[in-house]
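Listing of structure.txt, compact mmCIF, C-alpha atoms
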# COMPACT_ATOMS: atom_id res chain seq x y z
CA MET P 243 21.06 -30.46 15.96
CA LEU P 244 19.58 -27.01 15.35
CA ASP P 245 15.89 -27.00 14.36
CA TRP P 246 14.90 -24.26 11.87
CA ASP P 247 11.37 -24.24 13.30
CA ASP P 248 12.81 -23.25 16.69
CA LEU P 249 14.49 -20.28 15.00
CA ARG P 250 11.16 -19.25 13.44
CA PHE P 251 9.52 -19.19 16.85
CA PHE P 252 12.46 -17.29 18.34
CA LEU P 253 12.25 -14.64 15.60
CA ALA P 254 8.51 -14.17 16.08
CA LEU P 255 8.95 -13.71 19.83
CA ALA P 256 11.92 -11.35 19.39
CA ARG P 257 9.94 -9.22 16.90
CA HIS P 258 6.61 -9.06 18.70
CA GLY P 259 7.81 -9.09 22.29
CA SER P 260 5.16 -11.32 23.85
CA LEU P 261 4.10 -14.95 23.79
CA SER P 262 0.52 -14.01 22.87
CA ALA P 263 1.53 -11.82 19.91
CA ALA P 264 4.02 -14.38 18.59
CA ALA P 265 1.48 -17.19 19.01
CA LYS P 266 -1.11 -15.21 17.05
CA VAL P 267 1.28 -14.63 14.15
CA LEU P 268 2.37 -18.29 14.11
CA HIS P 269 -1.17 -19.68 14.64
CA VAL P 270 -0.10 -21.76 17.62
CA SER P 271 -0.59 -21.68 21.40
CA GLN P 272 1.49 -19.55 23.75
CA SER P 273 2.82 -22.68 25.44
CA THR P 274 4.15 -23.91 22.07
CA VAL P 275 6.07 -20.66 21.57
CA GLY P 276 7.55 -20.91 25.07
CA ARG P 277 8.47 -24.55 24.57
CA ARG P 278 10.22 -23.82 21.26
CA LEU P 279 12.24 -21.00 22.82
CA THR P 280 13.31 -23.28 25.64
CA SER P 281 14.32 -25.94 23.12
CA LEU P 282 16.44 -23.49 21.12
CA GLU P 283 18.16 -22.07 24.21
CA ALA P 284 18.91 -25.60 25.42
CA THR P 285 20.39 -26.56 22.03
CA LEU P 286 22.61 -23.46 21.93
CA ALA P 287 23.29 -23.54 25.69
CA VAL P 288 22.71 -19.78 25.99
CA ARG P 289 19.88 -17.44 27.01
CA LEU P 290 18.52 -15.63 23.97
CA LEU P 291 15.67 -13.52 25.37
CA ASN P 292 15.16 -11.79 28.69
CA ARG P 293 11.62 -11.26 29.95
CA THR P 294 11.13 -7.61 31.03
CA PRO P 295 8.08 -5.50 31.99
CA ASP P 296 8.06 -4.29 28.37
CA GLY P 297 8.16 -7.79 26.93
CA TYR P 298 10.84 -10.18 25.69
CA VAL P 299 14.11 -8.45 24.80
CA PRO P 300 17.05 -10.16 23.04
CA THR P 301 20.26 -10.67 25.01
CA PHE P 302 23.62 -9.93 23.38
CA ALA P 303 23.75 -13.53 22.19
CA GLY P 304 20.11 -13.27 21.12
CA GLU P 305 20.89 -10.29 18.88
CA GLU P 306 23.66 -12.25 17.16
CA VAL P 307 21.38 -15.25 16.64
CA ARG P 308 18.61 -12.98 15.42
CA LYS P 309 20.82 -11.42 12.70
CA LYS P 310 21.91 -14.81 11.39
CA ALA P 311 18.41 -16.28 11.66
CA GLU P 312 16.98 -13.39 9.62
CA VAL P 313 19.46 -14.14 6.83
CA LEU P 314 18.35 -17.78 6.82
CA GLU P 315 14.72 -16.71 6.94
CA ALA P 316 15.12 -14.38 3.95
CA GLU P 317 16.71 -17.17 1.91
CA ALA P 318 14.01 -19.67 2.90
CA LEU P 319 11.23 -17.22 2.04
CA SER P 320 12.86 -16.35 -1.28
CA LEU P 321 12.97 -20.06 -2.12
CA GLU P 322 9.34 -20.48 -1.05
CA ARG P 323 8.21 -17.53 -3.18
CA ASP P 324 10.14 -18.87 -6.16
CA VAL P 325 8.52 -22.29 -5.83
CA THR P 326 5.09 -20.73 -5.28
CA GLY P 327 5.54 -18.59 -8.38
CA ARG P 328 6.05 -21.73 -10.47
CA ASP P 329 2.78 -23.26 -9.26
CA THR P 330 0.43 -23.07 -12.26
CA ARG P 331 -2.60 -24.61 -10.53
CA LEU P 332 -5.73 -22.61 -9.78
CA ARG P 333 -5.97 -24.11 -6.33
CA GLY P 334 -4.63 -23.57 -2.87
CA LEU P 335 -4.57 -20.91 -0.15
CA VAL P 336 -4.35 -17.15 -0.77
CA ARG P 337 -4.00 -14.92 2.30
CA VAL P 338 -5.58 -11.48 1.93
CA THR P 339 -5.06 -8.77 4.53
CA CYS P 340 -6.88 -5.45 4.83
CA ALA P 341 -8.52 -3.17 7.38
CA GLU P 342 -11.50 -4.49 9.35
CA THR P 343 -14.18 -2.34 7.66
CA MET P 344 -12.92 -3.17 4.19
CA ALA P 345 -12.85 -6.88 5.04
CA ALA P 346 -16.39 -6.96 6.44
CA HIS P 347 -18.21 -4.62 4.06
CA LEU P 348 -16.33 -4.83 0.75
CA LEU P 349 -14.24 -7.98 0.31
CA ALA P 350 -15.96 -10.71 2.35
CA PRO P 351 -19.32 -10.30 0.54
CA SER P 352 -17.57 -10.59 -2.82
CA PHE P 353 -15.69 -13.82 -2.20
CA ALA P 354 -18.77 -16.00 -2.71
CA SER P 355 -18.66 -15.24 -6.44
CA LEU P 356 -14.90 -15.93 -6.51
CA HIS P 357 -15.46 -19.34 -4.92
CA ALA P 358 -18.25 -20.11 -7.40
CA GLN P 359 -15.80 -19.58 -10.28
CA HIS P 360 -12.75 -21.12 -8.60
CA PRO P 361 -13.88 -23.63 -5.97
CA ASP P 362 -10.34 -24.91 -5.33
CA ILE P 363 -9.01 -21.53 -4.22
CA MET P 364 -9.37 -20.89 -0.49
CA ILE P 365 -9.20 -17.35 0.86
CA GLU P 366 -7.82 -16.56 4.28
CA LEU P 367 -9.12 -13.06 5.02
CA ILE P 368 -7.05 -11.31 7.71
CA PRO P 369 -8.52 -8.03 9.02
CA ASN P 370 -5.59 -6.22 10.56
CA SER P 371 -4.80 -2.55 11.09
CA ARG P 372 -1.09 -3.48 11.10
CA GLU P 373 0.66 -3.81 7.75
CA LEU P 374 1.44 -7.51 7.49
CA SER P 375 4.64 -8.47 5.72
CA LEU P 376 4.19 -9.85 2.21
CA ALA P 377 7.90 -10.64 2.03
CA MET P 378 7.64 -12.74 5.19
CA ARG P 379 4.56 -14.54 3.82
CA GLU P 380 2.31 -13.22 6.59
CA ALA P 381 -0.04 -12.53 3.68
CA ASP P 382 -0.02 -12.90 -0.11
CA VAL P 383 -2.19 -9.90 -1.03
CA SER P 384 -2.78 -6.65 0.84
CA VAL P 385 -5.45 -3.99 0.31
CA ARG P 386 -4.45 -0.74 2.01
CA MET P 387 -5.18 2.98 2.04
CA ARG P 388 -1.63 4.29 2.33
CA GLN P 389 1.71 3.67 0.69
CA PRO P 390 3.57 0.67 2.14
CA GLU P 391 6.93 0.82 3.87
CA GLN P 392 7.87 -2.64 2.59
CA HIS P 393 10.16 -3.17 -0.38
CA ASP P 394 9.91 -5.44 -3.44
CA LEU P 395 6.15 -4.89 -3.76
CA VAL P 396 3.99 -4.23 -6.78
CA VAL P 397 1.53 -1.48 -5.84
CA ARG P 398 -1.51 -0.53 -7.90
CA ARG P 399 -4.23 2.01 -7.20
CA ILE P 400 -7.60 0.34 -7.77
CA GLY P 401 -10.01 2.92 -6.36
CA GLY P 402 -10.62 5.55 -3.73
CA VAL P 403 -12.68 6.20 -0.61
CA ALA P 404 -14.44 9.48 0.16
CA PHE P 405 -14.78 10.64 3.76
CA GLY P 406 -17.19 12.91 5.59
CA LEU P 407 -17.76 14.38 9.04
CA TYR P 408 -20.57 12.72 11.01
CA ALA P 409 -22.47 13.00 14.25
CA THR P 410 -25.97 12.24 15.50
CA ALA P 411 -28.64 14.91 15.56
CA ASP P 412 -29.04 14.37 19.31
CA TYR P 413 -25.33 14.96 19.85
CA ILE P 414 -25.53 18.31 18.03
CA ARG P 415 -28.59 19.32 20.05
CA VAL P 416 -26.80 18.57 23.31
CA ARG P 417 -23.34 19.95 22.45
CA GLY P 418 -24.52 22.91 20.34
CA GLN P 419 -23.70 24.34 16.93
CA LEU P 420 -20.39 23.60 15.27
CA ASP P 421 -18.31 26.76 15.11
CA PHE P 422 -15.27 25.87 13.04
CA GLU P 423 -14.00 29.45 13.08
CA GLU P 424 -13.59 29.10 16.85
CA GLY P 425 -12.28 25.52 16.67
CA CYS P 426 -15.49 23.86 17.93
CA PRO P 427 -15.00 24.33 21.67
CA ASP P 428 -17.15 22.10 23.92
CA HIS P 429 -17.28 19.38 21.26
CA HIS P 430 -15.96 15.82 21.39
CA LEU P 431 -13.85 14.06 18.74
CA ILE P 432 -13.44 10.40 17.83
CA THR P 433 -10.12 9.88 16.06
CA GLN P 434 -7.80 7.15 14.84
CA MET P 435 -4.70 6.03 16.73
CA GLU P 436 -1.18 6.76 15.48
CA ASP P 437 0.10 4.71 12.53
CA ASN P 438 -3.47 3.92 11.48
CA GLN P 439 -4.37 4.07 7.78
CA GLU P 440 -6.75 6.97 8.43
CA MET P 441 -4.31 9.28 10.20
CA THR P 442 -4.63 11.84 7.37
CA GLN P 443 -8.37 12.13 7.99
CA SER P 444 -7.88 12.32 11.75
CA ALA P 445 -5.31 15.11 11.28
CA TRP P 446 -7.85 16.98 9.12
CA LEU P 447 -10.48 16.65 11.87
CA THR P 448 -8.25 17.75 14.75
CA ASP P 449 -7.07 20.72 12.68
CA LEU P 450 -10.63 21.67 11.75
CA ALA P 451 -11.92 21.35 15.33
CA SER P 452 -8.73 22.47 17.07
CA ARG P 453 -10.38 23.35 20.39
CA ALA P 454 -12.51 20.22 20.64
CA THR P 455 -11.59 17.40 23.03
CA VAL P 456 -10.53 13.99 21.78
CA VAL P 457 -12.57 11.57 23.89
CA LEU P 458 -11.87 8.34 21.99
CA GLN P 459 -9.00 7.05 19.90
CA THR P 460 -9.27 3.70 18.16
CA SER P 461 -7.52 1.63 15.52
CA SER P 462 -10.92 0.28 14.41
CA HIS P 463 -13.01 2.16 11.87
CA GLU P 464 -16.06 0.11 12.90
CA ALA P 465 -15.56 1.16 16.51
CA ALA P 466 -15.46 4.81 15.42
CA VAL P 467 -18.70 4.38 13.42
CA LEU P 468 -20.54 2.83 16.35
CA ALA P 469 -19.15 5.31 18.86
CA ALA P 470 -20.34 8.23 16.73
CA ALA P 471 -23.71 6.55 16.04
CA ASN P 472 -24.27 6.31 19.79
CA GLY P 473 -23.68 10.01 20.35
CA GLY P 474 -20.00 9.81 21.28
CA GLY P 475 -18.88 12.79 19.23
CA LEU P 476 -17.72 13.99 15.82
CA ALA P 477 -15.99 11.42 13.61
CA CYS P 478 -14.44 11.53 10.15
CA LEU P 479 -15.76 8.34 8.53
CA ALA P 480 -15.73 6.64 5.16
CA ARG P 481 -18.81 7.76 3.24
CA PHE P 482 -19.85 4.21 2.45
CA ARG P 483 -20.15 3.53 6.18
CA GLY P 484 -21.30 6.89 7.50
CA ASP P 485 -24.01 7.38 4.86
CA ASP P 486 -25.28 3.86 5.53
CA GLU P 487 -25.72 4.39 9.28
CA PRO P 488 -29.25 5.78 9.88
CA ARG P 489 -28.35 7.37 13.22
CA LEU P 490 -25.63 9.53 11.68
CA THR P 491 -25.88 12.77 9.73
CA ARG P 492 -23.14 14.02 7.44
CA LEU P 493 -22.30 17.57 8.42
CA THR P 494 -21.52 20.68 6.42
CA VAL P 495 -17.83 21.54 6.66
CA PRO P 496 -15.77 24.47 5.31
CA THR P 497 -13.30 22.10 3.60
CA GLU P 498 -13.96 18.51 2.63
CA PRO P 499 -11.84 15.80 4.26
CA PRO P 500 -9.13 14.23 2.10
CA ASN P 501 -10.00 11.13 0.14
CA ALA P 502 -7.93 7.96 0.48
CA ASP P 503 -6.57 5.77 -2.31
CA ILE P 504 -7.27 2.05 -2.26
CA LEU P 505 -4.01 0.28 -3.03
CA LEU P 506 -3.57 -3.36 -4.03
CA LEU P 507 -0.23 -4.83 -2.99
CA VAL P 508 1.52 -8.07 -3.89
CA HIS P 509 5.13 -9.20 -3.64
CA LYS P 510 6.86 -9.01 -7.01
CA ASP P 511 7.77 -12.72 -6.83
CA ASN P 512 4.11 -13.73 -6.47
CA ARG P 513 2.30 -11.42 -8.87
CA ASP P 514 2.20 -13.98 -11.70
CA THR P 515 1.23 -17.00 -9.59
CA PRO P 516 -2.08 -18.05 -11.20
CA ARG P 517 -4.20 -18.40 -8.05
CA ILE P 518 -2.86 -15.11 -6.66
CA ARG P 519 -3.41 -13.41 -10.03
CA VAL P 520 -7.04 -14.58 -9.99
CA VAL P 521 -7.55 -13.06 -6.54
CA LEU P 522 -5.86 -9.81 -7.56
CA THR P 523 -8.15 -9.52 -10.57
CA HIS P 524 -11.22 -10.34 -8.49
CA ILE P 525 -10.43 -7.71 -5.84
CA THR P 526 -9.73 -5.09 -8.51
CA GLU P 527 -13.06 -5.74 -10.26
CA CYS P 528 -14.90 -5.76 -6.92
CA ILE P 529 -13.53 -2.39 -5.79
CA GLN P 530 -14.03 -0.79 -9.21
CA ALA P 531 -17.65 -2.01 -9.35
CA LEU P 532 -18.26 -0.37 -5.96
CA GLY P 533 -16.77 2.93 -7.12
CA PRO P 534 -20.02 4.99 -6.99
CA MET P 535 -20.62 3.82 -3.40
CA LEU P 536 -17.04 4.40 -2.26
CA GLN P 537 -16.82 7.83 -3.87
CA PRO P 538 -20.42 9.09 -4.18
CA PRO P 539 -20.82 11.62 -6.98
CA ASP P 540 -23.50 13.65 -5.17
CA LEU P 541 -22.71 16.68 -3.06
CA ASN P 542 -25.84 16.48 -0.91
CA ILE P 543 -25.13 16.65 2.78
CA GLY P 544 -27.06 16.66 6.00
CA THR P 545 -29.35 19.38 7.20
CA ILE P 546 -27.17 20.37 10.17
CA GLN P 547 -25.30 23.54 9.26
CA ALA P 548 -22.19 24.76 11.02
CA VAL P 549 -21.30 28.33 11.89
CA GLY P 550 -18.64 29.48 9.45
CA ALA P 551 -19.21 26.59 7.03
Before we go any further, please render this structure as structure tokens.
Amino acid sequence: MLDWDDLRFFLALARHGSLSAAAKVLHVSQSTVGRRLTSLEATLAVRLLNRTPDGYVPTFAGEEVRKKAEVLEAEALSLERDVTGRDTRLRGLVRVTCAETMAAHLLAPSFASLHAQHPDIMIELIPNSRELSLAMREADVSVRMRQPEQHDLVVRRIGGVAFGLYATADYIRVRGQLDFEEGCPDHHLITQMEDNQEMTQSAWLTDLASRATVVLQTSSHEAAVLAAANGGGLACLARFRGDDEPRLTRLTVPTEPPNADILLLVHKDNRDTPRIRVVLTHITECIQALGPMLQPPDLNIGTIQAVGA
């Protein structure tokens, strides 16, 4: 008899392409994922996935099973969300996903007060640069800095983040003055990888310093902060991180980098679930209270001046 759990494991492996990635999403070991796939293929008496140098790829039969399994999955998740939405208790697990820097510096410090008020609510904080699926219950609440591609979500702007251009004083002394009119030749850039939430700021930087060399790309804002703080190059960083790093100086620029909105996302079926509503309210109040730090009202910048700024 077909086991729905086997189908879940098959779908995760088909979507993510590797045992390690599927295991991470499912919170199990790689051997468990492999064993479940073997079980499903034995039950159906057909190979569903081929292992290639680029990862696991569905066979023709695998594509057919995948389509039907996704229909079943959507129905099961819809039922789960409906049942969850009827849960009136202020207790249980709430999964919150956001970028690494936001998790470590904004949300994690605030959850102590949430637990003090609601000790039966447990938060699972998931720092992830990838947009986890709220429809697939990979998370219940998402805090992001760009519009989602997912459907059936309630999206609310709860704040904003200001950015600035940073480098160390030693880096400027070694590499020379910033000449934005000439595109900053001989300078190094630290930028974000494609599909990252800060691609708008990275595009601003590469346009501003068009003749500089990108020496590091990363999906981690914290990695960019530390790389710049150790003299690695110019980086466009969130003000609340860059201003707080004593080794960095915010630089004068001819045009300020674009700000980013902070968006709070929840699936429409879960927005009125009491424990999720409590977490939504808490995150909103936390971000709004930090407004002056996230978008500093002052215009004071570092002492390093750029040619043409």
Coordinates-based distance that separates atom CA of P:Ala358 from atom CA of P:Leu532 (Å, one decimal):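 Going from atom CA of P:Leu532 over to atom CA of P:Ala358, I get 19.8 Å.
Taking atom CA of P:Glu305 and atom CA of P:Asp245 as the two end points, the separation is 18.0 Å.
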For P:Glu315, the nearest of the candidates P:Arg386, P:Arg257, P:Arg483, P:Arg250, counting all atoms listed in the file: P:Arg250
Contacts of P:Asp486 at 12 Å (only C-alpha atoms; same-chain gap of 3+ positions) as a list of chain:residue names: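 Contacts, in chain order: P:His347, P:Tyr408, P:Val467, P:Leu468, P:Ala471, P:Leu479, P:Ala480, P:Arg481, P:Phe482, P:Arg483, P:Arg489, P:Leu490, P:Thr491, P:Arg492, P:Met535, P:Leu536.
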Shell around P:Ala469 at 10 Å using all atoms listed in the file, local window under 5 positions removed, as a VMD selection string: chain P and resid 409 432 458 463 to 464 474 to 477
Residue among P:Thr515, P:Ser375, P:Gln443, P:Asn472 lying closest to P:Glu391, counting all atoms listed in the file: P:Ser375
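Comparing the minimum interatomic distances between P:Asp296 and each of P:Ser452, P:Gln537, P:Ser260, P:Gln530, counting all atoms listed in the file, we find that P:Ser260 sits nearest.
Note that the spacing between atom CA of P:Arg399 and atom CA of P:Leu505 amounts to 4.5 Å.
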Nearest to P:Val457, chosen from P:Asp428, P:Asp514, P:Asp394, P:Glu283, with only C-alpha atoms counted in the distances: P:Asp428
Within-7 Å shell of (22.9, -16.8, 22.7) in input frame, all atoms listed in the file, as a PyMOL selection string: chain P and resi 286+288-290+302-304+307
Edge lengths and centre in Å to one decimal, as JSON, of the axis-aligned box that encloses all listed atoms of stretch 280-297 of chain P with 8 Å added on every side?
{"center_x": 15.7, "center_y": -15.4, "center_z": 26.6, "size_x": 31.2, "size_y": 38.3, "size_z": 26.9}
Neighbour residues at most 6 Å from (-9.8, -15.8, 5.1) (only C-alpha atoms) as a ChimeraX atom specification: /P:365-368
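Using all atoms listed in the file, the nearest neighbour of P:Leu282 within the list P:Phe252, P:Glu373, P:Ile363, P:His258 is P:Phe252.
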For P:Arg331, the nearest of the candidates P:Pro488, P:Val495, P:Ser271, P:His360, counting all atoms listed in the file: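 Counting all atoms listed in the file, the residue closest to P:Arg331 is P:His360.
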Polymer residues at most 10 Å from P:Ser462, all atoms listed in the file, same-chain spacing of 6 or more positions, as a ChimeraX atom specification: /P:341-343,370-371,433-435,438,440
Polymer residues at most 12 Å from P:Cys426, all atoms listed in the file, same-chain spacing of 5 or more positions, as an MDAnalysis selection string: chainID P and resid 414 417:421 431 447:456 475:476 495 548:551
Fewer than 6 positions away in the same chain doesn't count, so skip those; otherwise give me all residues within 9 Å of P:Thr442, counting only C-alpha atoms, as an mmCIF file with C-alpha atoms, in the frame of the given file.
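Below is the file that was written, around-v3.cif:
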data_model
loop_
_atom_site.group_PDB
_atom_site.id
_atom_site.type_symbol
_atom_site.label_atom_id
_atom_site.label_comp_id
_atom_site.auth_asym_id
_atom_site.auth_seq_id
_atom_site.Cartn_x
_atom_site.Cartn_y
_atom_site.Cartn_z
ATOM 1 C CA PRO P 499 -11.840 15.800 4.260
ATOM 2 C CA PRO P 500 -9.130 14.230 2.100
ATOM 3 C CA ALA P 502 -7.930 7.960 0.480
#
Save stretch 408-421 of chain P of the structure in the block above to a file, with N, CA and C atoms included, as a PDB file, in the first residue's frame.
ATOM      1  N   TYR P 408      30.263  51.390   2.937  1.00  0.00           N
ATOM      2  CA  TYR P 408      31.237  51.282   4.023  1.00  0.00           C
ATOM      3  C   TYR P 408      32.558  50.696   3.540  1.00  0.00           C
ATOM      4  N   ALA P 409      33.602  51.089   4.246  1.00  0.00           N
ATOM      5  CA  ALA P 409      34.927  50.497   4.084  1.00  0.00           C
ATOM      6  C   ALA P 409      35.723  50.868   5.326  1.00  0.00           C
ATOM      7  N   THR P 410      36.881  50.251   5.498  1.00  0.00           N
ATOM      8  CA  THR P 410      37.762  50.647   6.601  1.00  0.00           C
ATOM      9  C   THR P 410      38.649  51.795   6.142  1.00  0.00           C
ATOM     10  N   ALA P 411      39.112  52.573   7.109  1.00  0.00           N
ATOM     11  CA  ALA P 411      40.033  53.672   6.795  1.00  0.00           C
ATOM     12  C   ALA P 411      41.325  53.140   6.189  1.00  0.00           C
ATOM     13  N   ASP P 412      41.803  51.993   6.683  1.00  0.00           N
ATOM     14  CA  ASP P 412      43.031  51.398   6.141  1.00  0.00           C
ATOM     15  C   ASP P 412      42.839  50.997   4.685  1.00  0.00           C
ATOM     16  N   TYR P 413      41.666  50.459   4.361  1.00  0.00           N
ATOM     17  CA  TYR P 413      41.403  50.070   2.974  1.00  0.00           C
ATOM     18  C   TYR P 413      41.502  51.287   2.057  1.00  0.00           C
ATOM     19  N   ILE P 414      40.903  52.402   2.466  1.00  0.00           N
ATOM     20  CA  ILE P 414      40.941  53.621   1.646  1.00  0.00           C
ATOM     21  C   ILE P 414      42.373  54.125   1.496  1.00  0.00           C
ATOM     22  N   ARG P 415      43.148  54.048   2.558  1.00  0.00           N
ATOM     23  CA  ARG P 415      44.541  54.497   2.481  1.00  0.00           C
ATOM     24  C   ARG P 415      45.337  53.650   1.488  1.00  0.00           C
ATOM     25  N   VAL P 416      45.080  52.356   1.475  1.00  0.00           N
ATOM     26  CA  VAL P 416      45.819  51.463   0.587  1.00  0.00           C
ATOM     27  C   VAL P 416      45.341  51.584  -0.860  1.00  0.00           C
ATOM     28  N   ARG P 417      44.003  51.599  -1.074  1.00  0.00           N
ATOM     29  CA  ARG P 417      43.461  51.576  -2.424  1.00  0.00           C
ATOM     30  C   ARG P 417      43.317  52.961  -3.045  1.00  0.00           C
ATOM     31  N   GLY P 418      43.337  54.019  -2.200  1.00  0.00           N
ATOM     32  CA  GLY P 418      43.254  55.382  -2.726  1.00  0.00           C
ATOM     33  C   GLY P 418      41.848  55.952  -2.679  1.00  0.00           C
ATOM     34  N   GLN P 419      41.760  57.228  -3.057  1.00  0.00           N
ATOM     35  CA  GLN P 419      40.493  57.959  -3.035  1.00  0.00           C
ATOM     36  C   GLN P 419      39.441  57.304  -3.919  1.00  0.00           C
ATOM     37  N   LEU P 420      38.198  57.480  -3.538  1.00  0.00           N
ATOM     38  CA  LEU P 420      37.079  56.986  -4.340  1.00  0.00           C
ATOM     39  C   LEU P 420      36.716  58.030  -5.382  1.00  0.00           C
ATOM     40  N   ASP P 421      36.855  57.679  -6.641  1.00  0.00           N
ATOM     41  CA  ASP P 421      36.505  58.588  -7.727  1.00  0.00           C
ATOM     42  C   ASP P 421      35.305  58.004  -8.468  1.00  0.00           C
TER      43      ASP P 421
END
